[in-house]
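Following: one structure in C-alpha cells, then a few remarks.
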Amino acid sequence: MAPALLILLGAAAILRADKFSLLPPVNFTIKVTGLAQVLLSWKPDPDQERGRAQLGYHLRVHSPQDDDYEIKSTARKYETVLHRGFSASVRTILWERHHPLRASRWVSAELKAPPGSPGTSAVNLTCTTNTVANNHTDSRPYRVSLRCAWRAGEEAPADTQYVLYYRYGSRTEACGEYSQDTLKRNVACWFPTTSIDGKGQDALAVRVNGSSRRAAIRPYDRLFALPEIDQVNPPGNVTAEMEGTRLSVRWEKPVSAFPNHCWTYEVKIYSTRKGYVQTENTTTNKFSTTVSDIAKYCVAVRAAVGSTCRERGLWSAWSQPTDTGKDAQKPWTEWLLILLAAALCAAFVCSLGCRTGHICTKLFPPVPGPKSDIRDVLATVNYEKTGSGETESEVISYVDTEHGLEGLEDLVF
C-alpha cells in the first residue's frame, strides 16, 4: 500500500510541474569585484509561474573546467584567474526534495580576456609566506610576510615594467619593494607585513600587471592555497642530552600563530661513530630513545602543521644541528691487550714464514768466515822508483805463511 501511495504522490508532483513551463533566468551578469574574483548574479524571469513548486538554479562555471553548483539564491561569488577570460551559464530548475526534476534552457555570460600582446605577461610566478614574531603590538603577536618572484615574458620589450598586487579576503595591497633584472625590470617583490592571517584558510590572489611604450602588456594572475606556499619556521631551542644509553631531545614549537596541538615533528638522529641516520615522527615537542652504544650523536628537528588544524603543508627547514654525547675512549689496559695480540700475531707469521719459505735466511744471510784453501804464498807487489826517470826497479816480495818464515828476494829489472 505504501509504495503505491508514493508512486501516486510522485505522479501528482509531475502533473503539477507539467502545468507550467520553466523559463530561464534574466539579467545574467558577471562583475569583477577584486583580484581573481567575480560576482555572478541573475534574476528569475518575471513571467515565471511558481505556484507551490520550489524553484532553484543550476550554475555552471566554464573556467578552466566545468564546475556545477545547484543553489536557490540568485547570486554567487567565485574566485578564479581572469587573464584567460571567464564564462558561465545558468538555468532554472524545479526543486523537489533537493532533487531537480526539470530544467529550463541555459543562458550564458562571458568576460573576455584582457588586452595585451601574446608572450608579454609575467611567467613562472611563485610566492611564499612566512610568519615572524611581531614585537610592536600585543593585539597581533604574529605577522606574515610575502615574497613573490617571476620572469619577464619572452616577447616583453626591454622597457617593460611590472607591478604586483595581492588580495587576501577583501583587502588588496600593492607591492612597494622590488628586485630587478639586468634590464631594470621588476622581477621580484617583498612585503615585510601583510594582511594575511597566519592561520587563514582563504586563497591568496596575486596579479602582475605590466606597461610599456612599445606594446600592450598582458596581465597575469594566480591563486595560491596558503598551506602550499607557507614556509614554516623550524623548531626553536633544540636541546639533546645523553644519560647512559638514553637520548632525550626537547624543542619549542616554531614561531607561528598555530598552537602546540597543531604540529607534527620529525626528529633526525645521526651517529658519528657508525654513520647511520635514524628518523622518528612525533606530535609532541619532546622525544627520547635508547641508543645502542655510548657515542657522539647529532640531532635535528623539523616541523609541519598537522591536518587537524588545516590542510597538510610543507615541512620546515631542519633546525640547527645539536651535538650530544662523546666517543668513548678505550682504557690503556685495552690498548695494551690489542698491542700484545698484534705482536703475537706478527711473531707467529714470521715463525711460519721462516719454516716454510726460508725467509729468515733471505733476510739475514750468515757472515762469511776465513777461507781454508788460500794459497800458501801471498804475493805483494811493491813498486819503487829509483834514480832518474830513465832507470826503474820493481821489487817483488814473497811471504811464506806456512812455515812462519819470511824470505825476501829482490829482482831488479
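Just remember, in the C-alpha cells the first chain shown is A, the second B, etc., residues are 1-based per chain, and ligands are 1-based in the order shown.
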#### Entry: Surrounding residues of region 114-126 of chain A excluding itself and chain neighbours under 6 positions, 12 Å, only C-alpha atoms, as a PyMOL selection string
chain A and resi 81-86+146-164+185-189+204-212+214-225+228-230
#### Entry: Distance query Ser195 (chain A) at most 12 Å, only C-alpha atoms, self and fewer than 4 positions along chain excluded, as a PyMOL selection string
chain A and resi 129+131+140+142-146+166-174+191+199-200+202+204
Got time to write the residues from that selection, N, CA, C and O atoms, as a PDB file, in the first residue's frame?
ATOM      1  N   THR A 129      54.988  32.520   1.835  1.00  0.00           N
ATOM      2  CA  THR A 129      54.674  33.297   3.022  1.00  0.00           C
ATOM      3  C   THR A 129      55.493  32.778   4.191  1.00  0.00           C
ATOM      4  O   THR A 129      55.924  31.619   4.202  1.00  0.00           O
ATOM      5  N   THR A 131      55.864  33.426   8.706  1.00  0.00           N
ATOM      6  CA  THR A 131      55.370  34.073   9.917  1.00  0.00           C
ATOM      7  C   THR A 131      56.541  34.480  10.797  1.00  0.00           C
ATOM      8  O   THR A 131      57.462  33.687  11.019  1.00  0.00           O
ATOM      9  N   ARG A 140      48.262  41.693  17.934  1.00  0.00           N
ATOM     10  CA  ARG A 140      48.604  40.774  16.859  1.00  0.00           C
ATOM     11  C   ARG A 140      50.047  40.308  17.063  1.00  0.00           C
ATOM     12  O   ARG A 140      50.984  40.927  16.568  1.00  0.00           O
ATOM     13  N   TYR A 142      51.769  37.970  15.894  1.00  0.00           N
ATOM     14  CA  TYR A 142      52.498  37.448  14.733  1.00  0.00           C
ATOM     15  C   TYR A 142      52.101  38.242  13.484  1.00  0.00           C
ATOM     16  O   TYR A 142      50.978  38.726  13.373  1.00  0.00           O
ATOM     17  N   ARG A 143      53.025  38.362  12.573  1.00  0.00           N
ATOM     18  CA  ARG A 143      52.754  38.982  11.279  1.00  0.00           C
ATOM     19  C   ARG A 143      53.295  38.085  10.186  1.00  0.00           C
ATOM     20  O   ARG A 143      54.265  37.334  10.384  1.00  0.00           O
ATOM     21  N   VAL A 144      52.673  38.156   9.026  1.00  0.00           N
ATOM     22  CA  VAL A 144      53.010  37.284   7.903  1.00  0.00           C
ATOM     23  C   VAL A 144      53.642  38.118   6.797  1.00  0.00           C
ATOM     24  O   VAL A 144      53.083  39.133   6.374  1.00  0.00           O
ATOM     25  N   SER A 145      54.804  37.699   6.338  1.00  0.00           N
ATOM     26  CA  SER A 145      55.480  38.350   5.217  1.00  0.00           C
ATOM     27  C   SER A 145      55.192  37.576   3.933  1.00  0.00           C
ATOM     28  O   SER A 145      54.787  36.406   3.967  1.00  0.00           O
ATOM     29  N   LEU A 146      55.418  38.231   2.799  1.00  0.00           N
ATOM     30  CA  LEU A 146      55.137  37.627   1.490  1.00  0.00           C
ATOM     31  C   LEU A 146      56.267  37.960   0.528  1.00  0.00           C
ATOM     32  O   LEU A 146      56.679  39.116   0.420  1.00  0.00           O
ATOM     33  N   TYR A 166      48.461  41.971  -4.394  1.00  0.00           N
ATOM     34  CA  TYR A 166      47.887  40.759  -3.819  1.00  0.00           C
ATOM     35  C   TYR A 166      46.570  41.108  -3.152  1.00  0.00           C
ATOM     36  O   TYR A 166      46.354  42.234  -2.698  1.00  0.00           O
ATOM     37  N   ARG A 167      45.682  40.118  -3.085  1.00  0.00           N
ATOM     38  CA  ARG A 167      44.419  40.269  -2.373  1.00  0.00           C
ATOM     39  C   ARG A 167      44.241  39.085  -1.435  1.00  0.00           C
ATOM     40  O   ARG A 167      44.390  37.924  -1.826  1.00  0.00           O
ATOM     41  N   TYR A 168      43.946  39.407  -0.169  1.00  0.00           N
ATOM     42  CA  TYR A 168      43.580  38.366   0.790  1.00  0.00           C
ATOM     43  C   TYR A 168      42.293  38.815   1.462  1.00  0.00           C
ATOM     44  O   TYR A 168      42.247  39.872   2.093  1.00  0.00           O
ATOM     45  N   GLY A 169      41.242  38.011   1.292  1.00  0.00           N
ATOM     46  CA  GLY A 169      39.934  38.438   1.774  1.00  0.00           C
ATOM     47  C   GLY A 169      39.444  39.617   0.950  1.00  0.00           C
ATOM     48  O   GLY A 169      39.400  39.568  -0.274  1.00  0.00           O
ATOM     49  N   SER A 170      39.105  40.687   1.618  1.00  0.00           N
ATOM     50  CA  SER A 170      38.606  41.878   0.925  1.00  0.00           C
ATOM     51  C   SER A 170      39.664  42.960   0.783  1.00  0.00           C
ATOM     52  O   SER A 170      39.378  44.035   0.235  1.00  0.00           O
ATOM     53  N   ARG A 171      40.891  42.718   1.262  1.00  0.00           N
ATOM     54  CA  ARG A 171      41.926  43.756   1.241  1.00  0.00           C
ATOM     55  C   ARG A 171      42.928  43.497   0.119  1.00  0.00           C
ATOM     56  O   ARG A 171      43.413  42.378  -0.063  1.00  0.00           O
ATOM     57  N   THR A 172      43.226  44.557  -0.619  1.00  0.00           N
ATOM     58  CA  THR A 172      44.182  44.498  -1.720  1.00  0.00           C
ATOM     59  C   THR A 172      45.319  45.470  -1.447  1.00  0.00           C
ATOM     60  O   THR A 172      45.078  46.611  -1.034  1.00  0.00           O
ATOM     61  N   GLU A 173      46.568  45.026  -1.694  1.00  0.00           N
ATOM     62  CA  GLU A 173      47.743  45.876  -1.460  1.00  0.00           C
ATOM     63  C   GLU A 173      48.683  45.798  -2.656  1.00  0.00           C
ATOM     64  O   GLU A 173      48.790  44.754  -3.315  1.00  0.00           O
ATOM     65  N   ALA A 174      49.360  46.899  -2.914  1.00  0.00           N
ATOM     66  CA  ALA A 174      50.357  46.973  -3.978  1.00  0.00           C
ATOM     67  C   ALA A 174      51.743  46.816  -3.376  1.00  0.00           C
ATOM     68  O   ALA A 174      52.014  47.266  -2.262  1.00  0.00           O
ATOM     69  N   PHE A 191      56.916  41.874   0.648  1.00  0.00           N
ATOM     70  CA  PHE A 191      56.013  42.512   1.610  1.00  0.00           C
ATOM     71  C   PHE A 191      56.463  42.107   3.009  1.00  0.00           C
ATOM     72  O   PHE A 191      56.215  40.964   3.421  1.00  0.00           O
ATOM     73  N   LYS A 199      46.752  31.876  10.397  1.00  0.00           N
ATOM     74  CA  LYS A 199      46.039  30.606  10.444  1.00  0.00           C
ATOM     75  C   LYS A 199      44.940  30.551   9.387  1.00  0.00           C
ATOM     76  O   LYS A 199      44.038  29.713   9.461  1.00  0.00           O
ATOM     77  N   GLY A 200      45.019  31.423   8.405  1.00  0.00           N
ATOM     78  CA  GLY A 200      43.946  31.559   7.429  1.00  0.00           C
ATOM     79  C   GLY A 200      43.810  30.368   6.504  1.00  0.00           C
ATOM     80  O   GLY A 200      44.767  29.625   6.252  1.00  0.00           O
ATOM     81  N   ASP A 202      41.744  31.001   3.548  1.00  0.00           N
ATOM     82  CA  ASP A 202      41.355  31.583   2.263  1.00  0.00           C
ATOM     83  C   ASP A 202      42.509  31.523   1.268  1.00  0.00           C
ATOM     84  O   ASP A 202      43.688  31.475   1.644  1.00  0.00           O
ATOM     85  N   LEU A 204      45.029  32.986  -1.615  1.00  0.00           N
ATOM     86  CA  LEU A 204      45.759  34.229  -1.839  1.00  0.00           C
ATOM     87  C   LEU A 204      45.768  34.522  -3.332  1.00  0.00           C
ATOM     88  O   LEU A 204      46.221  33.697  -4.136  1.00  0.00           O
TER      89      LEU A 204
END
### Task
Write down as a PyMOL selection string the residues belonging to region 209-312 of chain A that are assigned helix (DSSP H, G or I) by DSSP computed on the backbone.
chain A and resi 226-229+260-262
### Query
If we count only C-alpha atoms, what is near Pro46 (chain A) at a cut-off of 12 Å, once residues fewer than 5 positions away on the same chain are taken out, given as a list in words?
Leu22, Leu23, Pro24, Pro25, Val26 and Asn27 of chain A
Only all heavy atoms, please: the residues just picked out, written as an mmCIF file, in the first residue's frame.
data_model
loop_
_atom_site.group_PDB
_atom_site.id
_atom_site.type_symbol
_atom_site.label_atom_id
_atom_site.label_comp_id
_atom_site.auth_asym_id
_atom_site.auth_seq_id
_atom_site.Cartn_x
_atom_site.Cartn_y
_atom_site.Cartn_z
ATOM 1 N N LEU A 22 9.182 25.983 -17.379
ATOM 2 C CA LEU A 22 10.268 26.670 -16.679
ATOM 3 C C LEU A 22 10.946 27.637 -17.635
ATOM 4 O O LEU A 22 11.377 27.261 -18.736
ATOM 5 C CB LEU A 22 11.280 25.663 -16.133
ATOM 6 C CG LEU A 22 10.781 24.756 -15.007
ATOM 7 C CD1 LEU A 22 11.844 23.749 -14.618
ATOM 8 C CD2 LEU A 22 10.380 25.583 -13.798
ATOM 9 N N LEU A 23 11.059 28.880 -17.190
ATOM 10 C CA LEU A 23 11.703 29.914 -18.004
ATOM 11 C C LEU A 23 13.119 30.170 -17.484
ATOM 12 O O LEU A 23 13.364 30.119 -16.280
ATOM 13 C CB LEU A 23 10.884 31.205 -17.946
ATOM 14 C CG LEU A 23 9.438 31.093 -18.418
ATOM 15 C CD1 LEU A 23 8.725 32.435 -18.260
ATOM 16 C CD2 LEU A 23 9.393 30.620 -19.862
ATOM 17 N N PRO A 24 14.091 30.449 -18.368
ATOM 18 C CA PRO A 24 15.460 30.721 -17.917
ATOM 19 C C PRO A 24 15.556 32.044 -17.170
ATOM 20 O O PRO A 24 14.704 32.929 -17.326
ATOM 21 C CB PRO A 24 16.254 30.765 -19.219
ATOM 22 C CG PRO A 24 15.258 31.158 -20.249
ATOM 23 C CD PRO A 24 13.946 30.552 -19.825
ATOM 24 N N PRO A 25 16.599 32.205 -16.357
ATOM 25 C CA PRO A 25 16.789 33.482 -15.649
ATOM 26 C C PRO A 25 17.055 34.607 -16.631
ATOM 27 O O PRO A 25 17.377 34.397 -17.808
ATOM 28 C CB PRO A 25 18.007 33.211 -14.756
ATOM 29 C CG PRO A 25 18.136 31.732 -14.689
ATOM 30 C CD PRO A 25 17.614 31.216 -15.998
ATOM 31 N N VAL A 26 16.937 35.819 -16.132
ATOM 32 C CA VAL A 26 17.204 37.008 -16.942
ATOM 33 C C VAL A 26 18.250 37.866 -16.227
ATOM 34 O O VAL A 26 18.538 37.686 -15.046
ATOM 35 C CB VAL A 26 15.910 37.824 -17.180
ATOM 36 C CG1 VAL A 26 14.912 37.014 -17.994
ATOM 37 C CG2 VAL A 26 15.296 38.276 -15.859
ATOM 38 N N ASN A 27 18.815 38.811 -17.013
ATOM 39 C CA ASN A 27 19.814 39.759 -16.476
ATOM 40 C C ASN A 27 21.001 39.031 -15.826
ATOM 41 O O ASN A 27 21.466 39.402 -14.745
ATOM 42 C CB ASN A 27 19.180 40.715 -15.465
ATOM 43 C CG ASN A 27 18.114 41.591 -16.055
ATOM 44 O OD1 ASN A 27 18.114 41.853 -17.265
ATOM 45 N ND2 ASN A 27 17.173 42.046 -15.232
#
### Query
Contacts of Lys274 (chain A) at 10 Å or less, counting only C-alpha atoms, minus same-chain residues fewer than 5 places along, as a PyMOL selection string?
chain A and resi 293+295-297
### Message
I'd like the contact shell of Thr290 (chain A) - 10 Å cut-off, only C-alpha atoms, skipping same-chain residues fewer than 3 positions apart - returned as JSON, numbers by chain.
### Response
{"A": [242, 243, 244, 245, 246, 247, 248, 293]}
Please dump the current selection as a PDB file, in the first residue's frame; keep all heavy atoms.
ATOM      1  N   MET A 242      72.338  13.105  26.893  1.00  0.00           N
ATOM      2  CA  MET A 242      72.615  11.682  26.991  1.00  0.00           C
ATOM      3  C   MET A 242      72.745  11.302  28.455  1.00  0.00           C
ATOM      4  O   MET A 242      73.492  11.932  29.207  1.00  0.00           O
ATOM      5  CB  MET A 242      73.904  11.331  26.242  1.00  0.00           C
ATOM      6  CG  MET A 242      73.768  11.292  24.736  1.00  0.00           C
ATOM      7  SD  MET A 242      72.978   9.775  24.146  1.00  0.00           S
ATOM      8  CE  MET A 242      74.158   8.554  24.690  1.00  0.00           C
ATOM      9  N   GLU A 243      72.009  10.267  28.878  1.00  0.00           N
ATOM     10  CA  GLU A 243      72.149   9.681  30.201  1.00  0.00           C
ATOM     11  C   GLU A 243      72.333   8.180  30.016  1.00  0.00           C
ATOM     12  O   GLU A 243      71.373   7.444  29.840  1.00  0.00           O
ATOM     13  CB  GLU A 243      70.921   9.979  31.060  1.00  0.00           C
ATOM     14  CG  GLU A 243      70.748  11.453  31.399  1.00  0.00           C
ATOM     15  CD  GLU A 243      69.558  11.691  32.317  1.00  0.00           C
ATOM     16  OE1 GLU A 243      68.919  10.677  32.697  1.00  0.00           O
ATOM     17  OE2 GLU A 243      69.285  12.858  32.653  1.00  0.00           O
ATOM     18  N   GLY A 244      73.596   7.766  30.058  1.00  0.00           N
ATOM     19  CA  GLY A 244      73.890   6.376  29.732  1.00  0.00           C
ATOM     20  C   GLY A 244      73.604   6.126  28.270  1.00  0.00           C
ATOM     21  O   GLY A 244      74.170   6.771  27.388  1.00  0.00           O
ATOM     22  N   THR A 245      72.699   5.196  27.998  1.00  0.00           N
ATOM     23  CA  THR A 245      72.295   4.916  26.614  1.00  0.00           C
ATOM     24  C   THR A 245      70.943   5.540  26.291  1.00  0.00           C
ATOM     25  O   THR A 245      70.326   5.191  25.288  1.00  0.00           O
ATOM     26  CB  THR A 245      72.227   3.397  26.381  1.00  0.00           C
ATOM     27  OG1 THR A 245      71.304   2.818  27.320  1.00  0.00           O
ATOM     28  CG2 THR A 245      73.600   2.761  26.552  1.00  0.00           C
ATOM     29  N   ARG A 246      70.463   6.464  27.123  1.00  0.00           N
ATOM     30  CA  ARG A 246      69.180   7.124  26.911  1.00  0.00           C
ATOM     31  C   ARG A 246      69.406   8.506  26.314  1.00  0.00           C
ATOM     32  O   ARG A 246      70.082   9.359  26.907  1.00  0.00           O
ATOM     33  CB  ARG A 246      68.427   7.261  28.235  1.00  0.00           C
ATOM     34  CG  ARG A 246      66.952   7.622  28.079  1.00  0.00           C
ATOM     35  CD  ARG A 246      66.200   6.472  27.480  1.00  0.00           C
ATOM     36  NE  ARG A 246      64.759   6.742  27.369  1.00  0.00           N
ATOM     37  CZ  ARG A 246      63.917   5.934  26.742  1.00  0.00           C
ATOM     38  NH1 ARG A 246      64.373   4.817  26.183  1.00  0.00           N
ATOM     39  NH2 ARG A 246      62.635   6.223  26.667  1.00  0.00           N
ATOM     40  N   LEU A 247      68.867   8.729  25.113  1.00  0.00           N
ATOM     41  CA  LEU A 247      69.000  10.009  24.418  1.00  0.00           C
ATOM     42  C   LEU A 247      67.658  10.731  24.485  1.00  0.00           C
ATOM     43  O   LEU A 247      66.630  10.208  24.035  1.00  0.00           O
ATOM     44  CB  LEU A 247      69.408   9.787  22.961  1.00  0.00           C
ATOM     45  CG  LEU A 247      69.424  11.022  22.050  1.00  0.00           C
ATOM     46  CD1 LEU A 247      70.400  12.068  22.567  1.00  0.00           C
ATOM     47  CD2 LEU A 247      69.770  10.630  20.626  1.00  0.00           C
ATOM     48  N   SER A 248      67.638  11.946  25.030  1.00  0.00           N
ATOM     49  CA  SER A 248      66.425  12.743  25.170  1.00  0.00           C
ATOM     50  C   SER A 248      66.582  14.049  24.393  1.00  0.00           C
ATOM     51  O   SER A 248      67.612  14.710  24.496  1.00  0.00           O
ATOM     52  CB  SER A 248      66.134  13.043  26.639  1.00  0.00           C
ATOM     53  OG  SER A 248      65.947  11.834  27.373  1.00  0.00           O
ATOM     54  N   ASP A 293      74.864   2.216  21.760  1.00  0.00           N
ATOM     55  CA  ASP A 293      76.124   2.354  22.480  1.00  0.00           C
ATOM     56  C   ASP A 293      76.341   3.815  22.843  1.00  0.00           C
ATOM     57  O   ASP A 293      75.658   4.709  22.357  1.00  0.00           O
ATOM     58  CB  ASP A 293      77.299   1.825  21.644  1.00  0.00           C
ATOM     59  CG  ASP A 293      77.442   2.570  20.321  1.00  0.00           C
ATOM     60  OD1 ASP A 293      76.512   3.312  19.973  1.00  0.00           O
ATOM     61  OD2 ASP A 293      78.466   2.387  19.647  1.00  0.00           O
TER      62      ASP A 293
END
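Proximity to Thr92 (chain A) was assessed for A:Ala75, A:Ala304, A:Leu55, A:Leu111 counting only C-alpha atoms; the smallest distance is recorded for A:Leu55.
Note that the spacing between CA of Asn260 (chain A) and CA of Glu241 (chain A) amounts to 22.6 Å.
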